[in-house]
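Heads up, the thing below is written out as structure tokens.
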There are 2 protein chains.
Amino acid sequence: MKVHNFNAGPAILPAPVISQAAQAVTEFNGLGMSLLEISHRSKDFQAVVDEATALVKEIAGLDDSYKVLFLQGGASTQFGMVPMNLLDASETAGYCNTGTWAKKAQKEAKQFGNVLELATSEPDNFTFIPKGYQIPDNLKYFHITSNNTIYGTQYHAYPKSPVPYIIDMSSDIFSRNCDFSQFDLIYAGAQKNIGSSGVTVVILKESLLGKVNRTIPTMMDYRTHIKENSLFNTPPVFSIYVTMLTLRWIKEQGLNIIESVNRSKAELLYNAIDSNPLFKGTVAKEDRSWMNVNFIMENRDLEPEFLAFAKANNCVGLAGHRSVGGMRASLYNALGLDSVQHLVNLMNEFAAKKG
Amino acid sequence: MKVHNFNAGPAILPAPVISQAAQAVTEFNGLGMSLLEISHRSKDFQAVVDEATALVKEIAGLDDSYKVLFLQGGASTQFGMVPMNLLDASETAGYCNTGTWAKKAQKEAKQFGNVLELATSEPDNFTFIPKGYQIPDNLKYFHITSNNTIYGTQYHAYPKSPVPYIIDMSSDIFSRNCDFSQFDLIYAGAQKNIGSSGVTVVILKESLLGKVNRTIPTMMDYRTHIKENSLFNTPPVFSIYVTMLTLRWIKEQGLNIIESVNRSKAELLYNAIDSNPLFKGTVAKEDRSWMNVNFIMENRDLEPEFLAFAKANNCVGLAGHRSVGGMRASLYNALGLDSVQHLVNLMNEFAAKKG
């Protein structure tokens with residue numbers, strides 16, 4: 001029985017990535033050793049880092065003014081590294097508060113300098129993406145969270161920034177076409193669209209760095225990792241390899257196809273939610289995320305029964321985040337349209353039963 | 001043809017760990033999904049973290065006054081986290097400088113407070129472990145590096161510390177019996193004796209914390225990870241699983257057997273070095289590491305030929321660290337005595353050829 005994996009992250013990966021990753025754990029490159037047993041200084045692993053780096057730049061369409069890093073610690077570590085590296089104590093950064101992760105990023109920055117919350121949808125339970133606010137041109141940088149995994153909102157047009165532009169793309173990087181060159185620093189935990197947990201991709205303009213007057217701990221300093229091409233110390237070898245495999249798969253598909261499939265999946269599910277009298281969406285329609293579809297039932301008492309019905313029919317990961325409840329279907333790149341159709345069929349079947 | 005894996009880390013792992021890890025990447029716990037695709041909040045992964053935590057405490061023989069954390073960033077990140085969490089700007093910590101990693105730990109601590117280098121073997125090229133020095137009882141803590149991977153020295157008796165005792169055990173944790181309770185904070189990158197790269201085990205007394213007057217970035221604060229049992233944010237799921245499997249294997253063997261085998265492997269190789277006129281060791285005999293055996297040739301011009309000969313006979317990872325040259329055979333827990341015997345045979349064969 002096929003499992004339909006709607007996990008919010010770690011999440012479904014392309015089947016060929018899984019089989020190649022398993023093979024590499026058994027034996028890598030015909031070396032007679034597992035990928036887990038080879039030196040990170042070996043030419044075999046250097047080739048993995050080099051290919052992953054090149055794939056990120058190629059897929060993002062970025063030139064050599066950008067550096068690509070594979071770091072540890074997740075986006076949560078980036079919440080601190082960004083201000084530590086970019087924001088002096090007397091300077092001010094602008095943040096837009098669109099959900100739990102955006103707020104955490106903002107909170108962490110306050111430890112290092114001044115933070116101006118330029119806009120927030122928190123009073124409305126993060127049900128929309130704020131628009132039309134001014135971004136002062138004297139800010140050190142401007143930070144947004146591209147997709148809000150917990151609340152199910154996503155930027156479908158990015159505001160223009162007159163200052164260095166920082167974006168947390170953890171949950172929607174490489175899920176659609178984008179002019180990545182509008183950003184100065186992009187970071188993304190890999191465990192949603194570009195790999196497994198344990199590695200965070202950071203893409204940044206080196207020219208941003210070296211402008212703050214604080215001592216930065218060695219491992220927190222982007223320059224440490226730029227200088228050593230992500231090999232300052234032992235990197236998360238396996239996670240970088242899985243990301244490299246996933247990037248290969250993304251390149252093979254192409255962002256056009258990936259965007260088109262992701263659009264179809266999201267439309268199929270949102271149409272089902274809107275047309276089914278038992279269900280309803282929770283966020284502003286124009287800001288609905290293609291990655292994380294949040295919905296509830298008109299009669300919320302029925303939710304446990306629906307979740308149990310979906311689970312019994314091989315749907316995994318449909319419960320909403322513990323902080324918001326309801327349902328959340330995550331539709332990352334590797335999830336097939338067939339899984340979304342299966343969920344829609346179950347919603348219709350459930351509605352017919354409750355008719 | 002069997003590969004004899006003398007890599008210094010990432011390094012050889014037990015064969016059953018490799019096969020179980022590969023199986024988990026293919027499908028985990030009969031869930032119809034890869035381990036890489038399940039939620040870190042699932043009961044299946046919680047069981048992994050719980051078992052790994054219990055195994056660390058059981059193998060180390062530590063009680064509940066110690067907390068066990070699975071963090072990212074390697075020992076290099078701990079070099080900064082230790083002083084950030086424990087050392088105020090006006091306080092002094094003592095370090096013993098026994099090699100590259102000990103020196104890096106010390107250097108990082110200087111960013112946060114005062115560092116007293118209590119002893120060093122650097123003027124003698126780190127060829128011994130300093131002994132007999134005084135450790136003042138007004139230090140905030142005392143830090144040592146248990147095994148020096150690059151130079152091939154190891155503590156065979158630990159000095160007594162009158163102050164909180166911090167130890168980097170990255171390259172020899174669980175390789176022999178030890179009274180772990182003499183230490184207050186133990187850290188170890190997993191990729192030598194207890195797993196693959198991407199996770200660092202930290203074992204610490206919670207009572208050490210909360211005594212410094214600085215704001216600690218959330219991800220650098222041990223209390224963040226204690227409070228959430230290493231699940232504050234998405235952890236390195238696969239690396240923690242591989243560590244759990246490796247800890248199971250260590251428990252099955254028992255530290256007595258592991259110590260005995262490690263002693264036999266080291267004695268076999270050091271005896272071969274001492275009895276073979278072509279080779280010689282590089283460090284004080286009483287401080288020789290059981291984990292990393294460094295040796296050179298009397299005629300150093302022959303080293304490339306010997307390394308090529310060993311490589312042609314399926315020995316991997318025998319070249320010394322790029323900073324010291326010569327040969328280094330790493331004999332971590334998972335390396336069999338047969339691999340050491342194979343190397344010794346090659347050394348004898350090479351000597352006979354050159355006889």
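Residue names in the structure tokens use chain letters A, B, ... in the order shown, residue numbers from 1 in each chain, and ligand numbers from 1 in the order shown.
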Going by DSSP on the backbone, which bits of segment 56-109 of chain A are alpha helix (DSSP H)? Write them as a list in words, please.
-> Val56, Lys57, Glu58, Ile59, Ala60, Gly74, Ala75, Ser76, Thr77, Gln78, Phe79, Gly80, Met81, Val82, Pro83, Met84, Asn85, Leu86, Thr100, Trp101, Ala102, Lys103, Lys104, Ala105, Gln106, Lys107, Glu108 and Ala109 of chain A
Could those residues be written to a file, using C-alpha atoms, as a PDB file, in the first residue's frame?
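This is the output file out_23.pdb:
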ATOM      1  CA  VAL A  56      22.585  25.559  -6.564  1.00  0.00           C
ATOM      2  CA  LYS A  57      24.061  28.353  -8.668  1.00  0.00           C
ATOM      3  CA  GLU A  58      22.795  26.880 -11.921  1.00  0.00           C
ATOM      4  CA  ILE A  59      19.242  26.271 -10.692  1.00  0.00           C
ATOM      5  CA  ALA A  60      19.122  29.708  -9.046  1.00  0.00           C
ATOM      6  CA  GLY A  74      19.190  24.656  10.539  1.00  0.00           C
ATOM      7  CA  ALA A  75      17.464  27.943   9.762  1.00  0.00           C
ATOM      8  CA  SER A  76      17.283  28.535  13.523  1.00  0.00           C
ATOM      9  CA  THR A  77      21.058  28.965  13.519  1.00  0.00           C
ATOM     10  CA  GLN A  78      20.780  31.373  10.583  1.00  0.00           C
ATOM     11  CA  PHE A  79      18.346  33.483  12.625  1.00  0.00           C
ATOM     12  CA  GLY A  80      21.392  34.343  14.758  1.00  0.00           C
ATOM     13  CA  MET A  81      24.150  34.198  12.151  1.00  0.00           C
ATOM     14  CA  VAL A  82      22.498  36.766   9.884  1.00  0.00           C
ATOM     15  CA  PRO A  83      22.467  39.605  12.459  1.00  0.00           C
ATOM     16  CA  MET A  84      25.748  38.464  14.045  1.00  0.00           C
ATOM     17  CA  ASN A  85      27.484  38.864  10.684  1.00  0.00           C
ATOM     18  CA  LEU A  86      25.556  41.832   9.301  1.00  0.00           C
ATOM     19  CA  THR A 100       6.390  31.644  13.962  1.00  0.00           C
ATOM     20  CA  TRP A 101       9.694  31.420  12.094  1.00  0.00           C
ATOM     21  CA  ALA A 102       9.708  35.044  10.951  1.00  0.00           C
ATOM     22  CA  LYS A 103       9.099  36.070  14.546  1.00  0.00           C
ATOM     23  CA  LYS A 104      11.878  33.853  15.850  1.00  0.00           C
ATOM     24  CA  ALA A 105      14.297  35.336  13.304  1.00  0.00           C
ATOM     25  CA  GLN A 106      13.303  38.828  14.424  1.00  0.00           C
ATOM     26  CA  LYS A 107      13.625  37.966  18.119  1.00  0.00           C
ATOM     27  CA  GLU A 108      17.109  36.587  17.608  1.00  0.00           C
ATOM     28  CA  ALA A 109      18.225  39.724  15.717  1.00  0.00           C
TER      29      ALA A 109
END
Would you list which chain B residues are within 8 Å of chain A using only C-alpha atoms, as an MDAnalysis selection string? chainID B and resid 2:3 7:13 18:19 21:23 25:26 32:34 36:40 71:74 76:77 80 108 111 196:199 215 217:219 233:239 317
- Message: With only C-alpha atoms as the counted atoms, please give the residues lying no more than 8 Å from segment 177-186 of chain B, apart from itself and same-chain residues fewer than 6 positions off, as a ChimeraX atom specification.
- Response: /B:60-62,164-169,202-205,208,255-256,259
re atom CA of Lys280 of chain B and atom CA of Lys43 of chain A: distance 29.2 Å
re atom CA of Phe279 of chain B and atom CA of Gly325 of chain B: distance 14.0 Å
Restricting to only C-alpha atoms, whichever of A:Thr149, A:Asn213, A:Asn299, A:Thr53 is closest to Thr243 of chain A is A:Thr53
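Using only C-alpha atoms, the protein and nucleic acid residues lying no more than 9 Å from Gln341 of chain B, apart from those fewer than 6 places from it along its own chain, are Lys265, Leu268 and Leu269 of chain B.
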Those same residues, written as a PDB file, in the first residue's frame with C-alpha atoms?
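Output file out.pdb is given in full below:
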ATOM      1  CA  LYS B 265      45.467  -3.520  17.724  1.00  0.00           C
ATOM      2  CA  LEU B 268      50.451  -5.059  17.324  1.00  0.00           C
ATOM      3  CA  LEU B 269      51.121  -1.980  15.222  1.00  0.00           C
TER       4      LEU B 269
END
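Ranking B:Ile250, B:Met327, B:Ile135, B:Leu116 by their shortest atom-to-atom distance to Gly152 of chain B, with only C-alpha atoms included, puts B:Met327 first.
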| said: List as a list of chain:residue names the protein and nucleic acid residues near Pro123 of chain B, meaning an atom at most 12 Å away when only C-alpha atoms are counted, but skip any in the same chain fewer than 5 places from it. | reply: B:Asn97, B:Thr98, B:Gly99, B:Phe128, B:Pro130
